[in-house]
file query-v5.txt (compact mmCIF, N, CA and C atoms)
# COMPACT_ATOMS: atom_id res chain seq x y z
N ALA A 1275 -10.58 8.15 7.72
CA ALA A 1275 -11.75 8.34 8.56
C ALA A 1275 -12.62 9.48 8.00
N PHE A 1276 -11.96 10.49 7.43
CA PHE A 1276 -12.71 11.63 6.89
C PHE A 1276 -13.63 11.19 5.75
N GLU A 1277 -13.07 10.44 4.80
CA GLU A 1277 -13.86 10.00 3.65
C GLU A 1277 -15.03 9.12 4.07
N ARG A 1278 -14.76 8.20 5.00
CA ARG A 1278 -15.83 7.31 5.46
C ARG A 1278 -16.91 8.08 6.21
N ALA A 1279 -16.52 9.04 7.02
CA ALA A 1279 -17.50 9.85 7.74
C ALA A 1279 -18.34 10.66 6.76
N SER A 1280 -17.69 11.25 5.76
CA SER A 1280 -18.42 12.03 4.74
C SER A 1280 -19.40 11.14 3.99
N GLU A 1281 -18.92 9.97 3.56
CA GLU A 1281 -19.78 9.05 2.82
C GLU A 1281 -20.97 8.60 3.66
N ALA A 1282 -20.74 8.34 4.95
CA ALA A 1282 -21.83 7.90 5.84
C ALA A 1282 -22.87 9.00 6.00
N ILE A 1283 -22.42 10.23 6.17
CA ILE A 1283 -23.36 11.35 6.32
C ILE A 1283 -24.16 11.55 5.04
N PHE A 1284 -23.48 11.52 3.90
CA PHE A 1284 -24.18 11.71 2.63
C PHE A 1284 -25.09 10.52 2.31
N ALA A 1285 -24.77 9.33 2.80
CA ALA A 1285 -25.64 8.17 2.58
C ALA A 1285 -26.96 8.34 3.32
N VAL A 1286 -26.89 8.94 4.51
CA VAL A 1286 -28.10 9.16 5.31
C VAL A 1286 -28.88 10.36 4.79
N ARG A 1287 -28.16 11.42 4.41
CA ARG A 1287 -28.80 12.65 3.95
C ARG A 1287 -28.19 13.10 2.62
N PRO A 1288 -28.53 12.43 1.50
CA PRO A 1288 -27.93 12.77 0.20
C PRO A 1288 -28.23 14.19 -0.28
N GLU A 1289 -29.31 14.78 0.21
CA GLU A 1289 -29.65 16.14 -0.22
C GLU A 1289 -28.64 17.18 0.26
N LEU A 1290 -27.79 16.81 1.19
CA LEU A 1290 -26.78 17.75 1.68
C LEU A 1290 -25.70 18.05 0.64
N ARG A 1291 -25.60 17.22 -0.38
CA ARG A 1291 -24.62 17.44 -1.46
C ARG A 1291 -25.03 18.60 -2.38
N GLU A 1292 -26.32 18.91 -2.40
CA GLU A 1292 -26.86 19.83 -3.40
C GLU A 1292 -26.38 21.27 -3.25
N ALA A 1293 -26.25 21.74 -2.02
CA ALA A 1293 -25.83 23.13 -1.80
C ALA A 1293 -24.40 23.14 -1.25
N THR A 1294 -23.62 24.10 -1.71
CA THR A 1294 -22.23 24.21 -1.25
C THR A 1294 -22.16 24.40 0.26
N PHE A 1295 -23.06 25.21 0.81
CA PHE A 1295 -23.04 25.50 2.24
C PHE A 1295 -23.24 24.23 3.07
N THR A 1296 -24.22 23.41 2.68
CA THR A 1296 -24.47 22.19 3.46
C THR A 1296 -23.37 21.16 3.24
N ALA A 1297 -22.82 21.10 2.03
CA ALA A 1297 -21.70 20.18 1.77
C ALA A 1297 -20.49 20.57 2.61
N LEU A 1298 -20.26 21.87 2.78
CA LEU A 1298 -19.16 22.33 3.63
C LEU A 1298 -19.43 22.02 5.11
N GLY A 1299 -20.69 22.05 5.49
CA GLY A 1299 -21.05 21.64 6.85
C GLY A 1299 -20.72 20.18 7.10
N VAL A 1300 -20.99 19.35 6.10
CA VAL A 1300 -20.64 17.93 6.20
C VAL A 1300 -19.12 17.77 6.30
N THR A 1301 -18.39 18.57 5.54
CA THR A 1301 -16.93 18.54 5.61
C THR A 1301 -16.44 18.87 7.01
N LEU A 1302 -17.02 19.89 7.62
CA LEU A 1302 -16.64 20.29 8.97
C LEU A 1302 -16.92 19.17 9.98
N ILE A 1303 -18.10 18.58 9.89
CA ILE A 1303 -18.47 17.52 10.83
C ILE A 1303 -17.61 16.28 10.61
N ALA A 1304 -17.41 15.87 9.35
CA ALA A 1304 -16.58 14.69 9.07
C ALA A 1304 -15.13 14.93 9.50
N GLY A 1305 -14.63 16.13 9.32
CA GLY A 1305 -13.29 16.47 9.79
C GLY A 1305 -13.19 16.40 11.30
N GLY A 1306 -14.24 16.87 11.98
CA GLY A 1306 -14.27 16.78 13.43
C GLY A 1306 -14.27 15.34 13.92
N ILE A 1307 -15.03 14.50 13.24
CA ILE A 1307 -15.06 13.07 13.59
C ILE A 1307 -13.69 12.45 13.40
N SER A 1308 -13.05 12.74 12.27
CA SER A 1308 -11.73 12.14 12.01
C SER A 1308 -10.68 12.68 12.98
N GLY A 1309 -10.79 13.95 13.37
CA GLY A 1309 -9.87 14.50 14.36
C GLY A 1309 -10.03 13.84 15.72
N THR A 1310 -11.26 13.58 16.09
CA THR A 1310 -11.53 12.90 17.36
C THR A 1310 -11.00 11.48 17.34
N ILE A 1311 -11.20 10.78 16.25
CA ILE A 1311 -10.68 9.41 16.14
C ILE A 1311 -9.16 9.40 16.22
N SER A 1312 -8.52 10.36 15.56
CA SER A 1312 -7.06 10.41 15.62
C SER A 1312 -6.56 10.65 17.03
N SER A 1313 -7.31 11.41 17.81
CA SER A 1313 -6.94 11.64 19.21
C SER A 1313 -7.00 10.37 20.03
N VAL A 1314 -8.06 9.61 19.83
CA VAL A 1314 -8.21 8.35 20.58
C VAL A 1314 -7.07 7.40 20.25
N VAL A 1315 -6.69 7.35 18.99
CA VAL A 1315 -5.63 6.43 18.56
C VAL A 1315 -4.27 6.86 19.09
N SER A 1316 -3.97 8.14 19.08
CA SER A 1316 -2.63 8.60 19.43
C SER A 1316 -2.45 8.99 20.90
N GLN A 1317 -3.53 9.10 21.65
CA GLN A 1317 -3.43 9.54 23.04
C GLN A 1317 -2.52 8.67 23.91
N PRO A 1318 -2.64 7.33 23.87
CA PRO A 1318 -1.76 6.53 24.74
C PRO A 1318 -0.27 6.80 24.49
N ALA A 1319 0.13 6.88 23.25
CA ALA A 1319 1.54 7.13 22.94
C ALA A 1319 1.98 8.51 23.46
N ASP A 1320 1.15 9.51 23.26
CA ASP A 1320 1.50 10.85 23.74
C ASP A 1320 1.55 10.91 25.27
N SER A 1321 0.63 10.20 25.92
CA SER A 1321 0.66 10.16 27.38
C SER A 1321 1.94 9.52 27.90
N VAL A 1322 2.35 8.42 27.27
CA VAL A 1322 3.58 7.73 27.68
C VAL A 1322 4.79 8.62 27.44
N LEU A 1323 4.85 9.26 26.30
CA LEU A 1323 5.99 10.13 26.01
C LEU A 1323 6.09 11.29 27.01
N THR A 1324 4.95 11.87 27.35
CA THR A 1324 4.95 12.94 28.35
C THR A 1324 5.40 12.42 29.71
N TYR A 1325 4.90 11.25 30.09
CA TYR A 1325 5.27 10.64 31.36
C TYR A 1325 6.77 10.34 31.42
N VAL A 1326 7.29 9.77 30.35
CA VAL A 1326 8.71 9.44 30.29
C VAL A 1326 9.56 10.71 30.38
N ALA A 1327 9.15 11.76 29.69
CA ALA A 1327 9.90 13.01 29.72
C ALA A 1327 9.93 13.59 31.14
N LYS A 1328 8.82 13.50 31.85
CA LYS A 1328 8.77 14.03 33.22
C LYS A 1328 9.59 13.17 34.18
N GLN A 1329 9.51 11.86 34.04
CA GLN A 1329 10.14 10.94 34.98
C GLN A 1329 11.63 10.78 34.76
N SER A 1330 12.07 10.92 33.53
CA SER A 1330 13.47 10.60 33.24
C SER A 1330 14.35 11.82 33.07
N ALA A 1331 14.06 12.86 33.78
CA ALA A 1331 14.92 14.04 33.73
C ALA A 1331 16.30 13.65 34.24
N GLY A 1332 17.21 13.45 33.33
CA GLY A 1332 18.56 13.03 33.69
C GLY A 1332 18.72 11.52 33.74
N GLY A 1333 17.61 10.78 33.73
CA GLY A 1333 17.66 9.31 33.78
C GLY A 1333 17.50 8.71 32.40
N SER A 1334 17.28 7.41 32.40
CA SER A 1334 17.15 6.74 31.10
C SER A 1334 15.94 5.81 31.10
N LEU A 1335 14.77 6.35 31.44
CA LEU A 1335 13.54 5.58 31.40
C LEU A 1335 13.08 5.47 29.95
N GLY A 1336 12.91 4.25 29.47
CA GLY A 1336 12.50 4.04 28.09
C GLY A 1336 10.98 4.10 27.94
N ILE A 1337 10.54 4.02 26.72
CA ILE A 1337 9.11 4.10 26.43
C ILE A 1337 8.36 2.90 26.99
N ILE A 1338 8.90 1.71 26.79
CA ILE A 1338 8.24 0.50 27.30
C ILE A 1338 8.21 0.53 28.83
N GLY A 1339 9.33 0.87 29.44
CA GLY A 1339 9.39 0.98 30.89
C GLY A 1339 8.45 2.04 31.43
N GLY A 1340 8.38 3.15 30.74
CA GLY A 1340 7.48 4.22 31.13
C GLY A 1340 6.02 3.80 31.04
N ALA A 1341 5.67 3.08 29.98
CA ALA A 1341 4.30 2.60 29.82
C ALA A 1341 3.94 1.62 30.93
N LYS A 1342 4.88 0.74 31.26
CA LYS A 1342 4.64 -0.22 32.35
C LYS A 1342 4.42 0.50 33.67
N MET A 1343 5.29 1.46 33.97
CA MET A 1343 5.16 2.22 35.22
C MET A 1343 3.84 2.98 35.27
N MET A 1344 3.47 3.57 34.15
CA MET A 1344 2.23 4.33 34.09
C MET A 1344 1.03 3.45 34.39
N VAL A 1345 0.99 2.29 33.76
CA VAL A 1345 -0.13 1.37 33.96
C VAL A 1345 -0.13 0.82 35.39
N GLU A 1346 1.05 0.53 35.92
CA GLU A 1346 1.13 0.03 37.29
C GLU A 1346 0.65 1.08 38.30
N GLU A 1347 1.01 2.33 38.07
CA GLU A 1347 0.65 3.39 39.01
C GLU A 1347 -0.80 3.85 38.86
N GLY A 1348 -1.27 4.00 37.63
CA GLY A 1348 -2.59 4.59 37.43
C GLY A 1348 -3.59 3.73 36.68
N GLY A 1349 -3.20 2.52 36.32
CA GLY A 1349 -4.09 1.66 35.55
C GLY A 1349 -4.09 2.05 34.08
N VAL A 1350 -4.80 1.26 33.31
CA VAL A 1350 -4.86 1.50 31.86
C VAL A 1350 -5.48 2.85 31.54
N SER A 1351 -6.38 3.30 32.40
CA SER A 1351 -7.03 4.60 32.15
C SER A 1351 -6.03 5.75 32.15
N SER A 1352 -4.87 5.56 32.79
CA SER A 1352 -3.87 6.64 32.81
C SER A 1352 -3.33 6.92 31.41
N LEU A 1353 -3.43 5.94 30.52
CA LEU A 1353 -2.98 6.14 29.14
C LEU A 1353 -3.90 7.10 28.38
N PHE A 1354 -5.12 7.24 28.88
CA PHE A 1354 -6.11 8.08 28.19
C PHE A 1354 -6.44 9.35 28.96
N ARG A 1355 -5.62 9.70 29.95
CA ARG A 1355 -5.84 10.92 30.72
C ARG A 1355 -5.70 12.13 29.79
N GLY A 1356 -6.67 13.01 29.84
CA GLY A 1356 -6.65 14.20 29.00
C GLY A 1356 -7.27 14.00 27.63
N LEU A 1357 -7.87 12.84 27.40
CA LEU A 1357 -8.42 12.53 26.08
C LEU A 1357 -9.58 13.45 25.69
N GLY A 1358 -10.41 13.81 26.65
CA GLY A 1358 -11.57 14.65 26.33
C GLY A 1358 -11.19 16.00 25.74
N SER A 1359 -10.32 16.71 26.43
CA SER A 1359 -9.93 18.03 25.93
C SER A 1359 -9.14 17.92 24.64
N ARG A 1360 -8.32 16.89 24.54
CA ARG A 1360 -7.54 16.71 23.31
C ARG A 1360 -8.45 16.38 22.13
N SER A 1361 -9.49 15.59 22.36
CA SER A 1361 -10.43 15.24 21.29
C SER A 1361 -11.16 16.47 20.79
N ILE A 1362 -11.58 17.32 21.72
CA ILE A 1362 -12.27 18.56 21.32
C ILE A 1362 -11.32 19.44 20.51
N TRP A 1363 -10.09 19.59 21.00
CA TRP A 1363 -9.11 20.42 20.29
C TRP A 1363 -8.84 19.87 18.88
N ALA A 1364 -8.54 18.57 18.80
CA ALA A 1364 -8.20 17.98 17.50
C ALA A 1364 -9.40 17.97 16.56
N GLY A 1365 -10.59 17.72 17.10
CA GLY A 1365 -11.79 17.75 16.26
C GLY A 1365 -12.00 19.11 15.63
N CYS A 1366 -11.80 20.16 16.44
CA CYS A 1366 -11.96 21.53 15.91
C CYS A 1366 -10.88 21.88 14.90
N ILE A 1367 -9.64 21.58 15.23
CA ILE A 1367 -8.53 21.93 14.34
C ILE A 1367 -8.62 21.16 13.01
N ILE A 1368 -8.79 19.87 13.08
CA ILE A 1368 -8.81 19.07 11.86
C ILE A 1368 -10.07 19.32 11.06
N GLY A 1369 -11.21 19.50 11.75
CA GLY A 1369 -12.43 19.88 11.04
C GLY A 1369 -12.26 21.19 10.31
N GLY A 1370 -11.62 22.16 10.96
CA GLY A 1370 -11.36 23.45 10.32
C GLY A 1370 -10.43 23.35 9.13
N GLN A 1371 -9.43 22.48 9.24
CA GLN A 1371 -8.51 22.30 8.12
C GLN A 1371 -9.21 21.71 6.89
N PHE A 1372 -10.04 20.70 7.12
CA PHE A 1372 -10.79 20.12 6.00
C PHE A 1372 -11.78 21.13 5.43
N LEU A 1373 -12.39 21.94 6.30
CA LEU A 1373 -13.31 22.96 5.83
C LEU A 1373 -12.59 23.97 4.95
N LEU A 1374 -11.45 24.48 5.40
CA LEU A 1374 -10.69 25.44 4.58
C LEU A 1374 -10.26 24.84 3.26
N TYR A 1375 -9.83 23.59 3.30
CA TYR A 1375 -9.43 22.90 2.07
C TYR A 1375 -10.58 22.89 1.07
N ASP A 1376 -11.77 22.50 1.53
CA ASP A 1376 -12.92 22.44 0.62
C ASP A 1376 -13.41 23.82 0.20
N VAL A 1377 -13.29 24.82 1.08
CA VAL A 1377 -13.68 26.19 0.71
C VAL A 1377 -12.80 26.68 -0.45
N PHE A 1378 -11.50 26.49 -0.33
CA PHE A 1378 -10.61 26.93 -1.41
C PHE A 1378 -10.77 26.09 -2.67
N ARG A 1379 -11.05 24.81 -2.49
CA ARG A 1379 -11.30 23.97 -3.66
C ARG A 1379 -12.54 24.45 -4.40
N ALA A 1380 -13.60 24.79 -3.66
CA ALA A 1380 -14.83 25.29 -4.29
C ALA A 1380 -14.60 26.67 -4.91
N PHE A 1381 -13.85 27.53 -4.22
CA PHE A 1381 -13.58 28.87 -4.72
C PHE A 1381 -12.84 28.84 -6.05
N PHE A 1382 -11.87 27.94 -6.17
CA PHE A 1382 -11.09 27.85 -7.40
C PHE A 1382 -11.69 26.88 -8.41
N GLY A 1383 -12.82 26.27 -8.09
CA GLY A 1383 -13.49 25.37 -9.03
C GLY A 1383 -12.73 24.09 -9.30
N ILE A 1384 -12.08 23.57 -8.30
CA ILE A 1384 -11.30 22.34 -8.46
C ILE A 1384 -12.13 21.16 -7.99
N SER A 1385 -12.27 20.17 -8.84
CA SER A 1385 -13.04 18.98 -8.47
C SER A 1385 -12.09 17.89 -7.98
N GLY A 1386 -12.67 16.83 -7.45
CA GLY A 1386 -11.86 15.70 -7.00
C GLY A 1386 -11.08 15.07 -8.14
N ASP A 1387 -11.66 15.07 -9.34
CA ASP A 1387 -10.97 14.51 -10.50
C ASP A 1387 -9.74 15.34 -10.88
N ASP A 1388 -9.80 16.64 -10.63
CA ASP A 1388 -8.66 17.50 -10.93
C ASP A 1388 -7.46 17.18 -10.04
N LEU A 1389 -7.73 16.60 -8.88
CA LEU A 1389 -6.66 16.31 -7.92
C LEU A 1389 -6.05 14.93 -8.08
N ASN A 1390 -6.65 14.12 -8.93
CA ASN A 1390 -6.08 12.79 -9.16
C ASN A 1390 -4.80 12.91 -9.97
N GLN A 1391 -3.82 12.17 -9.55
CA GLN A 1391 -2.56 12.16 -10.29
C GLN A 1391 -2.47 10.86 -11.08
N VAL A 1392 -2.13 11.01 -12.33
CA VAL A 1392 -2.03 9.84 -13.20
C VAL A 1392 -0.62 9.83 -13.78
N LEU A 1393 0.00 8.70 -13.69
CA LEU A 1393 1.33 8.54 -14.26
C LEU A 1393 1.17 7.90 -15.63
N GLU A 1394 1.62 8.60 -16.64
CA GLU A 1394 1.57 8.05 -17.98
C GLU A 1394 3.00 7.71 -18.40
N VAL A 1395 3.17 6.49 -18.83
CA VAL A 1395 4.47 6.06 -19.30
C VAL A 1395 4.38 5.90 -20.81
N VAL A 1396 5.25 6.60 -21.50
CA VAL A 1396 5.27 6.53 -22.95
C VAL A 1396 6.51 5.76 -23.35
N LEU A 1397 6.31 4.66 -24.01
CA LEU A 1397 7.42 3.83 -24.45
C LEU A 1397 7.63 4.02 -25.95
N PRO A 1398 8.88 4.03 -26.37
CA PRO A 1398 9.12 4.12 -27.81
C PRO A 1398 8.60 2.87 -28.52
N LYS A 1399 8.15 3.03 -29.75
CA LYS A 1399 7.57 1.92 -30.49
C LYS A 1399 8.59 0.88 -30.92
N ASN A 1400 9.84 1.26 -30.98
CA ASN A 1400 10.88 0.34 -31.45
C ASN A 1400 11.49 -0.49 -30.33
N MET A 1401 10.83 -0.73 -29.29
CA MET A 1401 11.40 -1.52 -28.18
C MET A 1401 11.11 -2.96 -28.33

call {"tool": "encode", "arguments": {"input": "query-v5.txt", "output": "structure tokens"}}
result
Amino acid sequence: AFERASEAIFAVRPELREATFTALGVTLIAGGISGTISSVVSQPADSVLTYVAKQSAGGSLGIIGGAKMMVEEGGVSSLFRGLGSRSIWAGCIIGGQFLLYDVFRAFFGISGDDLNQVLEVVLPKNM
């Protein structure tokens, strides 16, 4: 999600690549977008796990059973309870992580090509 968000922003505003400061701003925004998307994807599972932990103190309520009970009691929206605050938190944290990564990459002069790993296999000629 981060790469696609970055590419989309740079496609609309290519001049943002020119200065390090603006490119880092794009990194922060794209990281925030990817953090928010990750929250939306993982929120239902986290909600169910929290619900199961609360309900099964000493019992044996499973994840599927817990999800069923949650939906029966609160509807499908109960799976997304707390999504707003979690999205803000994850957007800030993940955006900050991508920003720090790019700051240190720029500081040490490391390009994307420097980070590519290539496996070279050398075979003997007499095979």

call {"tool": "closest_residue", "arguments": {"input": "query-v5.txt", "among": "A:Leu1389, A:Ile1384, A:Ala1364, A:Phe1372", "to": "Ile1311 in chain A", "atoms": "all atoms listed in the file"}}
result
A:Ala1364

call {"tool": "closest_residue", "arguments": {"input": "query-v5.txt", "among": "A:Ala1331, A:Val1345, A:Val1322, A:Thr1301", "to": "Gln1371 in chain A", "atoms": "only N, CA and C atoms"}}
result
A:Thr1301

call {"tool": "atom_distance", "arguments": {"input": "query-v5.txt", "atom1": "atom C of Arg1360 in chain A", "atom2": "atom N of Gln1317 in chain A"}}
result
8.8 Å

call {"tool": "atom_distance", "arguments": {"input": "query-v5.txt", "atom1": "atom C of Asp1376 in chain A", "atom2": "atom C of Ala1297 in chain A"}}
result
8.2 Å

call {"tool": "closest_residue", "arguments": {"input": "query-v5.txt", "among": "A:Arg1355, A:Arg1278, A:Lys1342, A:Arg1379", "to": "Leu1298 in chain A", "atoms": "only C-alpha atoms"}}
result
A:Arg1379

call {"tool": "axis_aligned_box", "arguments": {"input": "query-v5.txt", "around": "range 1300-1317 of chain A", "padding_each_side": "6 Å", "output": "lines of an AutoDock Vina configuration file"}}
result
center_x = -11.7
center_y = 13.4
center_z = 14.7
size_x = 30.5
size_y = 25.9
size_z = 30.4

call {"tool": "residues_around", "arguments": {"input": "query-v5.txt", "residues": "Glu1277 in chain A", "least_positions_apart": "5", "cutoff": "8 Å", "atoms": "all atoms listed in the file", "output": "ChimeraX atom specification"}}
result
/A:1282-1283,1304-1305,1308

call {"tool": "residues_around", "arguments": {"input": "query-v5.txt", "residues": "Thr1296 in chain A", "least_positions_apart": "6", "cutoff": "12 Å", "atoms": "only C-alpha atoms", "output": "ChimeraX atom specification"}}
result
/A:1280,1283-1284,1287-1290,1302-1303,1373,1376-1377

call {"tool": "residues_around", "arguments": {"input": "query-v5.txt", "residues": "Gly1365 in chain A", "least_positions_apart": "3", "cutoff": "5 Å", "atoms": "all atoms listed in the file", "output": "list of chain:residue names"}}
result
A:Gly1306, A:Gly1309, A:Thr1310, A:Ser1361, A:Ile1362, A:Ile1368, A:Gly1369

call {"tool": "closest_residue", "arguments": {"input": "query-v5.txt", "among": "A:Arg1291, A:Ala1275, A:Met1344, A:Phe1354", "to": "Ile1307 in chain A", "atoms": "only N, CA and C atoms"}}
result
A:Ala1275

call {"tool": "atom_distance", "arguments": {"input": "query-v5.txt", "atom1": "atom N of Phe1295 in chain A", "atom2": "atom C of Asn1390 in chain A"}}
result
24.5 Å

call {"tool": "decode", "arguments": {"input": "query-v5.txt", "residues": "range 1355-1395 of chain A", "atoms": "C-alpha atoms", "output": "short mmCIF file (atom, residue, chain, number, x, y, z; two decimals), in the first residue's frame"}}
result
data_model
loop_
_atom_site.label_atom_id
_atom_site.label_comp_id
_atom_site.auth_asym_id
_atom_site.auth_seq_id
_atom_site.Cartn_x
_atom_site.Cartn_y
_atom_site.Cartn_z
CA ARG A 1355 -15.66 -0.73 16.94
CA GLY A 1356 -12.68 1.49 17.75
CA LEU A 1357 -11.53 1.70 14.13
CA GLY A 1358 -11.28 5.50 14.08
CA SER A 1359 -8.83 5.87 16.93
CA ARG A 1360 -6.86 2.84 15.82
CA SER A 1361 -6.58 4.20 12.26
CA ILE A 1362 -5.24 7.52 13.54
CA TRP A 1363 -2.75 5.74 15.81
CA ALA A 1364 -1.55 3.32 13.12
CA GLY A 1365 -1.40 6.04 10.46
CA CYS A 1366 0.84 8.16 12.68
CA ILE A 1367 3.07 5.30 13.82
CA ILE A 1368 3.55 3.68 10.41
CA GLY A 1369 3.88 7.04 8.66
CA GLY A 1370 6.58 7.96 11.17
CA GLN A 1371 8.39 4.68 10.64
CA PHE A 1372 8.51 5.16 6.87
CA LEU A 1373 9.61 8.76 7.38
CA LEU A 1374 12.50 7.73 9.66
CA TYR A 1375 13.50 5.00 7.23
CA ASP A 1376 13.72 7.48 4.35
CA VAL A 1377 15.46 10.13 6.50
CA PHE A 1378 18.24 7.69 7.38
CA ARG A 1379 18.39 6.40 3.82
CA ALA A 1380 18.86 9.97 2.56
CA PHE A 1381 21.37 10.78 5.33
CA PHE A 1382 23.56 7.81 4.43
CA GLY A 1383 23.09 8.29 0.67
CA ILE A 1384 21.49 4.91 0.10
CA SER A 1385 19.36 4.57 -3.02
CA GLY A 1386 16.67 2.02 -3.78
CA ASP A 1387 19.11 0.20 -6.05
CA ASP A 1388 21.52 -0.20 -3.13
CA LEU A 1389 18.84 -2.11 -1.24
CA ASN A 1390 18.13 -4.64 -3.97
CA GLN A 1391 19.46 -8.06 -3.22
CA VAL A 1392 20.75 -10.12 -6.09
CA LEU A 1393 21.64 -13.75 -5.84
CA GLU A 1394 24.50 -14.69 -8.09
CA VAL A 1395 25.14 -18.34 -8.67
#
